[in-house]
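K.L.:
Dropping in model37.cif, with mmCIF, C-alpha atoms.
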data_coords
#
loop_
_atom_site.group_PDB
_atom_site.id
_atom_site.type_symbol
_atom_site.label_atom_id
_atom_site.label_comp_id
_atom_site.auth_asym_id
_atom_site.auth_seq_id
_atom_site.Cartn_x
_atom_site.Cartn_y
_atom_site.Cartn_z
ATOM 1 C CA MET R 1 104.137 88.291 56.812
ATOM 2 C CA THR R 2 106.902 85.667 56.901
ATOM 3 C CA LEU R 3 106.342 82.012 57.770
ATOM 4 C CA SER R 4 108.695 82.267 60.766
ATOM 5 C CA TYR R 5 106.661 85.184 62.154
ATOM 6 C CA ILE R 6 103.402 83.257 61.812
ATOM 7 C CA TYR R 7 104.990 80.178 63.431
ATOM 8 C CA SER R 8 106.319 82.262 66.325
ATOM 9 C CA ARG R 9 102.902 83.830 66.932
ATOM 10 C CA LEU R 10 101.245 80.430 66.823
ATOM 11 C CA LEU R 11 103.651 78.999 69.408
ATOM 12 C CA LYS R 12 102.988 81.975 71.661
ATOM 13 C CA LYS R 13 99.239 81.367 71.460
ATOM 14 C CA LEU R 14 99.519 77.617 72.051
ATOM 15 C CA ARG R 15 101.010 77.974 75.556
ATOM 16 C CA GLY R 16 97.560 78.415 77.070
ATOM 17 C CA THR R 17 96.581 80.120 80.325
ATOM 18 C CA ALA R 18 96.493 79.063 83.984
ATOM 19 C CA ILE R 19 93.207 80.233 85.504
ATOM 20 C CA THR R 20 91.990 79.000 88.887
ATOM 21 C CA ASN R 21 89.245 80.021 91.316
ATOM 22 C CA SER R 22 88.473 83.046 89.160
ATOM 23 C CA THR R 23 85.482 84.491 87.311
ATOM 24 C CA LEU R 24 85.753 86.053 83.882
ATOM 25 C CA HIS R 25 82.971 87.904 82.127
ATOM 26 C CA LYS R 26 82.128 86.257 78.810
ATOM 27 C CA THR R 27 83.414 89.352 76.968
ATOM 28 C CA SER R 28 86.753 89.487 78.813
ATOM 29 C CA LYS R 29 89.968 88.003 77.415
ATOM 30 C CA ILE R 30 93.112 86.436 78.919
ATOM 31 C CA GLU R 31 96.027 85.916 76.548
ATOM 32 C CA SER R 32 98.356 82.922 76.710
ATOM 33 C CA GLY R 33 101.119 82.596 79.275
ATOM 34 C CA SER R 34 99.089 84.441 81.904
ATOM 35 C CA GLN R 35 98.280 83.132 85.375
ATOM 36 C CA ILE R 36 95.030 84.284 86.997
ATOM 37 C CA VAL R 37 94.309 83.183 90.589
ATOM 38 C CA ASN R 38 91.406 84.120 92.921
ATOM 39 C CA SER R 39 90.472 87.032 90.685
ATOM 40 C CA HIS R 40 87.567 88.560 88.763
ATOM 41 C CA PHE R 41 87.527 90.284 85.357
ATOM 42 C CA GLY R 42 84.643 92.583 84.452
ATOM 43 C CA LYS R 43 83.124 92.959 80.993
ATOM 44 C CA TYR R 44 85.359 93.860 78.047
ATOM 45 C CA SER R 45 88.493 93.777 80.200
ATOM 46 C CA TYR R 46 91.595 91.934 79.050
ATOM 47 C CA CYS R 47 95.175 91.150 79.962
ATOM 48 C CA CYS R 48 97.873 90.479 77.396
ATOM 49 C CA TYR R 49 100.642 87.877 77.462
ATOM 50 C CA ASP R 50 102.584 86.588 80.484
ATOM 51 C CA CYS R 51 100.728 88.401 83.249
ATOM 52 C CA GLN R 52 100.436 87.176 86.840
ATOM 53 C CA ILE R 53 97.292 88.389 88.610
ATOM 54 C CA ILE R 54 96.482 87.089 92.085
ATOM 55 C CA ASN R 55 93.605 87.921 94.447
ATOM 56 C CA CYS R 56 92.425 90.862 92.384
ATOM 57 C CA GLU R 57 89.073 92.455 91.516
ATOM 58 C CA ILE R 58 89.216 94.051 88.064
ATOM 59 C CA GLY R 59 86.426 96.245 86.746
ATOM 60 C CA ALA R 60 85.023 96.661 83.237
ATOM 61 C CA PHE R 61 86.842 97.952 80.123
ATOM 62 C CA CYS R 62 90.324 97.553 81.643
ATOM 63 C CA SER R 63 93.372 97.208 79.384
ATOM 64 C CA ILE R 64 96.325 95.329 80.899
ATOM 65 C CA ALA R 65 99.520 95.056 78.855
ATOM 66 C CA ASN R 66 102.141 92.265 78.749
ATOM 67 C CA TYR R 67 104.184 91.117 81.765
ATOM 68 C CA VAL R 68 102.042 92.832 84.402
ATOM 69 C CA VAL R 69 102.192 91.451 87.956
ATOM 70 C CA ILE R 70 99.372 92.271 90.377
ATOM 71 C CA GLY R 71 98.899 91.230 93.999
ATOM 72 C CA CYS R 72 101.576 88.607 94.587
ATOM 73 C CA ALA R 73 101.941 87.092 98.059
ATOM 74 C CA ALA R 74 103.926 88.814 100.808
ATOM 75 C CA HIS R 75 106.381 87.181 103.202
ATOM 76 C CA PRO R 76 105.952 87.590 107.006
ATOM 77 C CA MET R 77 108.549 90.285 107.729
ATOM 78 C CA ASP R 78 107.673 90.445 111.457
ATOM 79 C CA TRP R 79 108.661 86.796 112.040
ATOM 80 C CA VAL R 80 112.210 85.665 112.837
ATOM 81 C CA SER R 81 112.394 84.233 109.311
ATOM 82 C CA MET R 82 110.467 85.054 106.180
ATOM 83 C CA SER R 83 111.148 81.674 104.542
ATOM 84 C CA PRO R 84 108.209 79.488 103.442
ATOM 85 C CA VAL R 85 109.742 76.519 105.285
ATOM 86 C CA PHE R 86 108.074 77.941 108.413
ATOM 87 C CA TYR R 87 104.535 78.560 107.151
ATOM 88 C CA GLU R 88 101.756 76.405 105.758
ATOM 89 C CA GLY R 89 101.021 75.787 102.103
ATOM 90 C CA ARG R 90 102.835 74.496 99.052
ATOM 91 C CA ASP R 91 105.779 76.541 97.890
ATOM 92 C CA SER R 92 109.041 76.386 95.950
ATOM 93 C CA ILE R 93 110.770 74.737 98.929
ATOM 94 C CA LYS R 94 109.205 71.412 100.001
ATOM 95 C CA LYS R 95 110.796 71.185 103.476
ATOM 96 C CA LYS R 96 108.656 72.331 106.453
ATOM 97 C CA PHE R 97 110.056 73.033 109.931
ATOM 98 C CA SER R 98 106.679 74.377 111.046
ATOM 99 C CA ASN R 99 103.272 75.143 109.519
ATOM 100 C CA TYR R 100 102.248 78.482 110.958
ATOM 101 C CA LYS R 101 99.444 80.310 109.208
ATOM 102 C CA ARG R 102 100.377 83.543 107.478
ATOM 103 C CA LYS R 103 98.171 86.604 107.450
ATOM 104 C CA GLU R 104 95.642 86.456 104.626
ATOM 105 C CA ASP R 105 96.732 88.161 101.419
ATOM 106 C CA LYS R 106 95.070 91.512 100.810
ATOM 107 C CA LYS R 107 92.667 91.973 97.905
ATOM 108 C CA THR R 108 93.806 94.334 95.146
ATOM 109 C CA TYR R 109 91.151 96.453 93.418
ATOM 110 C CA ILE R 110 91.397 97.794 89.875
ATOM 111 C CA GLY R 111 88.574 100.156 88.904
ATOM 112 C CA ASN R 112 86.847 100.497 85.534
ATOM 113 C CA ASP R 113 88.467 101.691 82.289
ATOM 114 C CA VAL R 114 91.968 101.457 83.782
ATOM 115 C CA TRP R 115 94.990 101.204 81.474
ATOM 116 C CA ILE R 116 97.993 99.383 82.925
ATOM 117 C CA GLY R 117 101.177 99.565 80.850
ATOM 118 C CA GLU R 118 103.727 96.846 80.139
ATOM 119 C CA LYS R 119 105.835 95.380 82.986
ATOM 120 C CA VAL R 120 103.926 97.182 85.738
ATOM 121 C CA LEU R 121 104.150 95.756 89.274
ATOM 122 C CA ILE R 122 101.229 96.431 91.636
ATOM 123 C CA LYS R 123 101.524 95.589 95.326
ATOM 124 C CA GLN R 124 98.754 93.559 96.946
ATOM 125 C CA GLY R 125 96.062 95.602 98.715
ATOM 126 C CA VAL R 126 96.409 98.625 96.434
ATOM 127 C CA LYS R 127 93.296 100.310 94.988
ATOM 128 C CA ILE R 128 93.432 101.814 91.490
ATOM 129 C CA GLY R 129 90.616 104.276 90.768
ATOM 130 C CA ASN R 130 88.389 104.395 87.692
ATOM 131 C CA GLY R 131 89.983 105.762 84.533
ATOM 132 C CA ALA R 132 93.533 105.727 85.915
ATOM 133 C CA VAL R 133 96.625 105.166 83.756
ATOM 134 C CA ILE R 134 99.689 103.303 85.070
ATOM 135 C CA GLY R 135 102.780 104.040 82.974
ATOM 136 C CA MET R 136 104.904 101.161 81.686
ATOM 137 C CA GLY R 137 107.478 99.750 84.099
ATOM 138 C CA SER R 138 105.900 101.443 87.118
ATOM 139 C CA VAL R 139 105.958 99.986 90.626
ATOM 140 C CA VAL R 140 102.682 100.840 92.376
ATOM 141 C CA THR R 141 102.811 100.618 96.175
ATOM 142 C CA LYS R 142 100.041 103.083 97.090
ATOM 143 C CA ASP R 143 96.432 103.748 96.032
ATOM 144 C CA VAL R 144 95.874 105.689 92.793
ATOM 145 C CA ASP R 145 93.013 108.193 92.562
ATOM 146 C CA PRO R 146 90.480 108.072 89.708
ATOM 147 C CA TYR R 147 91.640 109.461 86.352
ATOM 148 C CA CYS R 148 95.215 110.038 87.524
ATOM 149 C CA ILE R 149 98.205 109.196 85.343
ATOM 150 C CA VAL R 150 101.036 107.736 87.429
ATOM 151 C CA ALA R 151 104.493 106.467 86.516
ATOM 152 C CA GLY R 152 107.845 105.607 88.038
ATOM 153 C CA ASN R 153 109.354 103.543 90.849
ATOM 154 C CA PRO R 154 107.646 104.156 93.154
ATOM 155 C CA ALA R 155 104.777 105.402 90.983
ATOM 156 C CA LYS R 156 103.926 109.089 91.385
ATOM 157 C CA VAL R 157 101.180 111.257 89.929
ATOM 158 C CA ILE R 158 102.153 112.897 86.640
ATOM 159 C CA ARG R 159 98.826 114.630 86.021
ATOM 160 C CA LYS R 160 95.082 114.073 85.874
ATOM 161 C CA ARG R 161 93.477 113.047 82.594
ATOM 162 C CA PHE R 162 90.673 115.614 82.884
ATOM 163 C CA SER R 163 89.523 118.572 84.961
ATOM 164 C CA ASP R 164 87.989 117.855 88.369
ATOM 165 C CA ASP R 165 84.573 118.796 86.997
ATOM 166 C CA ILE R 166 84.750 116.260 84.169
ATOM 167 C CA ILE R 167 86.111 113.576 86.516
ATOM 168 C CA GLU R 168 83.283 114.161 88.966
ATOM 169 C CA LYS R 169 80.658 113.874 86.211
ATOM 170 C CA LEU R 170 82.193 110.717 84.722
ATOM 171 C CA GLN R 171 82.265 109.153 88.176
ATOM 172 C CA TYR R 172 78.587 110.092 88.570
ATOM 173 C CA ILE R 173 77.551 108.794 85.141
ATOM 174 C CA LYS R 174 79.341 105.426 85.521
ATOM 175 C CA TRP R 175 79.189 104.797 81.786
ATOM 176 C CA TRP R 176 80.939 101.436 82.256
ATOM 177 C CA ASP R 177 77.694 100.114 83.741
ATOM 178 C CA PHE R 178 75.714 100.939 80.583
ATOM 179 C CA ASP R 179 74.339 98.017 78.604
ATOM 180 C CA ASP R 180 75.630 97.416 75.073
ATOM 181 C CA LYS R 181 72.667 99.142 73.444
ATOM 182 C CA THR R 182 73.200 102.334 75.450
ATOM 183 C CA LEU R 183 76.941 102.273 74.818
ATOM 184 C CA THR R 184 76.314 101.979 71.090
ATOM 185 C CA GLU R 185 74.042 105.031 71.283
ATOM 186 C CA TYR R 186 76.660 107.210 72.995
ATOM 187 C CA ALA R 187 79.814 105.782 71.380
ATOM 188 C CA LYS R 188 79.759 108.509 68.716
ATOM 189 C CA TYR R 189 80.656 111.031 71.441
ATOM 190 C CA ILE R 190 83.462 108.991 73.034
ATOM 191 C CA THR R 191 86.253 111.222 71.664
ATOM 192 C CA ASP R 192 84.750 114.352 73.239
ATOM 193 C CA PRO R 193 84.313 114.020 77.026
ATOM 194 C CA GLU R 194 82.310 117.233 77.436
ATOM 195 C CA LYS R 195 79.902 116.349 74.608
ATOM 196 C CA PHE R 196 79.602 112.779 75.896
ATOM 197 C CA ILE R 197 78.683 114.013 79.378
ATOM 198 C CA SER R 198 76.265 116.592 78.001
ATOM 199 C CA GLU R 199 74.420 114.026 75.865
ATOM 200 C CA VAL R 200 74.204 111.463 78.671
ATOM 201 C CA LEU R 201 72.939 113.996 81.226
ATOM 202 C CA LYS R 202 70.188 115.205 78.865
ATOM 203 C CA LYS R 203 68.196 112.072 79.646
#
Take the structure I supplied and represent it as structure tokens, if you would.
P.N.:
Amino acid sequence: MTLSYIYSRLLKKLRGTAITNSTLHKTSKIESGSQIVNSHFGKYSYCCYDCQIINCEIGAFCSIANYVVIGCAAHPMDWVSMSPVFYEGRDSIKKKFSNYKRKEDKKTYIGNDVWIGEKVLIKQGVKIGNGAVIGMGSVVTKDVDPYCIVAGNPAKVIRKRFSDDIIEKLQYIKWWDFDDKTLTEYAKYITDPEKFISEVLKK
């Protein structure tokens, strides 16, 4: 490892994070350069560098790559103008001709064990189901069903991760709600979904 590489990594880490009005589980992680506003992170979920996540509920065990944007504000397209100079609140432009109230931003929901690839954009109000995968660079404008793999602009379903039977059982089991002791017990089966389900349902 060269000195310049170590220095570059250190500078990247030193930028810090901007987190406001949000709750993070003690096991979750936000990397530097990310902005988290009005959001919640469940246990063992993380986002990498330079993400912007606003008004979002994120479940447990979620993996969010670099440069992901979730739930940014929308402009009022049904008004004469969409410019922030006509509605209340601080914005890039300081001038105000009026201070009308915009519609409240919609909450975005990310389920449990969701993997979101690099540079994904997710529209506010969208719901991403448990176990879903969002391919890198995708633009998500509609809800994504549990355990679906989607990609593209706009994002479309590529395939499901598992059979409907396995998906149904995983949704029923809700392994992401297990405590750490139980997870440790069943972790040895994590690479084999059918065996994992079988062992869990024995009890």
K.L.:
Within 6 Å of His25 of chain R, counting all atoms listed in the file, which residues qualify if same-chain residues fewer than 2 places away don't, as a list in words?
P.N.:
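The residues that qualify are Thr27, Ser28, Gly42 and Lys43 of chain R.
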K.L.:
Excluding segment 90-93 of chain R and its own-chain neighbours fewer than 5 positions away, which residues fall within 12 Å of it when counting only C-alpha atoms? Please give them as a VMD selection string.
P.N.:
chain R and resid 73 75 83 to 85 99
K.L.:
Written as a PyMOL selection string, what is the full residue list that the PyMOL selection byres ((chain R and resi 146) around 12) yields on the file shown?
P.N.:
chain R and resi 110-115+127-134+143-145+147-150+157+159-164+166-171
K.L.:
Starting from the shown file, work through the PyMOL selection byres ((chain R and resi 181-188) around 12) and note down what comes out as a PyMOL selection string.
P.N.:
chain R and resi 174-180+189-193+195-203
K.L.:
Give as a PyMOL selection string the set of residues within 10 Å of the point (90.6, 89.3, 101.4), where distances use the file's coordinates and only C-alpha atoms.
P.N.:
chain R and resi 38+55-56+104-108+125
K.L.:
May I ask for the distance between atom CA of Met77 of chain R and atom CA of Arg102 of chain R, given in Å to one decimal place?
P.N.:
10.6 Å
K.L.:
Might you pull out every residue within 12 Å of Leu24 of chain R, with all atoms listed in the file counted and same-chain residues fewer than 3 positions away left off, and present them as a PDB file with C-alpha atoms, in the frame of the given file?
P.N.:
ATOM      1  CA  ILE R  19      93.207  80.233  85.504  1.00  0.00           C
ATOM      2  CA  THR R  20      91.990  79.000  88.887  1.00  0.00           C
ATOM      3  CA  ASN R  21      89.245  80.021  91.316  1.00  0.00           C
ATOM      4  CA  THR R  27      83.414  89.352  76.968  1.00  0.00           C
ATOM      5  CA  SER R  28      86.753  89.487  78.813  1.00  0.00           C
ATOM      6  CA  LYS R  29      89.968  88.003  77.415  1.00  0.00           C
ATOM      7  CA  ILE R  30      93.112  86.436  78.919  1.00  0.00           C
ATOM      8  CA  ILE R  36      95.030  84.284  86.997  1.00  0.00           C
ATOM      9  CA  VAL R  37      94.309  83.183  90.589  1.00  0.00           C
ATOM     10  CA  ASN R  38      91.406  84.120  92.921  1.00  0.00           C
ATOM     11  CA  SER R  39      90.472  87.032  90.685  1.00  0.00           C
ATOM     12  CA  HIS R  40      87.567  88.560  88.763  1.00  0.00           C
ATOM     13  CA  PHE R  41      87.527  90.284  85.357  1.00  0.00           C
ATOM     14  CA  GLY R  42      84.643  92.583  84.452  1.00  0.00           C
ATOM     15  CA  LYS R  43      83.124  92.959  80.993  1.00  0.00           C
ATOM     16  CA  TYR R  44      85.359  93.860  78.047  1.00  0.00           C
ATOM     17  CA  SER R  45      88.493  93.777  80.200  1.00  0.00           C
ATOM     18  CA  TYR R  46      91.595  91.934  79.050  1.00  0.00           C
ATOM     19  CA  CYS R  47      95.175  91.150  79.962  1.00  0.00           C
ATOM     20  CA  CYS R  56      92.425  90.862  92.384  1.00  0.00           C
ATOM     21  CA  GLU R  57      89.073  92.455  91.516  1.00  0.00           C
ATOM     22  CA  ILE R  58      89.216  94.051  88.064  1.00  0.00           C
ATOM     23  CA  GLY R  59      86.426  96.245  86.746  1.00  0.00           C
ATOM     24  CA  ALA R  60      85.023  96.661  83.237  1.00  0.00           C
TER      25      ALA R  60
END
K.L.:
I need every residue sitting at most 9 Å from the point (102.2, 91.7, 78.0) (coordinates as in the file, all atoms listed in the file considered), written as an MDAnalysis selection string.
P.N.:
chainID R and resid 31 34 47:51 64:68 117:119
K.L.:
Please measure the separation of atom CA of Lys123 of chain R and atom CA of Lys156 of chain R, giving the value in Å to one decimal.
P.N.:
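Straight-line distance from atom CA of Lys123 of chain R to atom CA of Lys156 of chain R works out to 14.3 Å.
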K.L.:
Let me make sure I understand: among R:Gln52, R:Ser98, R:Asn153, R:Ser81, which one has the smallest atom-to-atom distance to Gly137 of chain R if we use all atoms listed in the file?
P.N.:
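Checking each candidate against Gly137 of chain R, we get R:Asn153 as the closest.
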K.L.:
As an exercise, work out the distance from atom CA of Ile116 of chain R to atom CA of Thr23 of chain R in Å and give it to one decimal place.
P.N.:
19.9 Å
K.L.:
Can you tell me, as a PDB file with C-alpha atoms, keeping the file's coordinate frame, what residues are no more than 8 Å from Ile122 of chain R when counting all atoms listed in the file, ignoring any on the same chain fewer than 4 positions away?
P.N.:
ATOM      1  CA  VAL R  69     102.192  91.451  87.956  1.00  0.00           C
ATOM      2  CA  ILE R  70      99.372  92.271  90.377  1.00  0.00           C
ATOM      3  CA  GLY R  71      98.899  91.230  93.999  1.00  0.00           C
ATOM      4  CA  VAL R 126      96.409  98.625  96.434  1.00  0.00           C
ATOM      5  CA  VAL R 139     105.958  99.986  90.626  1.00  0.00           C
ATOM      6  CA  VAL R 140     102.682 100.840  92.376  1.00  0.00           C
ATOM      7  CA  THR R 141     102.811 100.618  96.175  1.00  0.00           C
TER       8      THR R 141
END
K.L.:
To box segment 106-117 of chain R, take all atoms listed in the file, fit an axis-aligned box, add 8 Å on each side, and give centre and edge lengths in Å to one decimal, as AutoDock Vina command-line options.
P.N.:
--center_x 94.0 --center_y 96.6 --center_z 90.8 --size_x 30.3 --size_y 26.2 --size_z 36.0
K.L.:
Care to translate the PyMOL selection byres ((chain R and resi 101) around 6) into actual residues of this file, as a ChimeraX atom specification?
P.N.:
/R:87-88,100,102
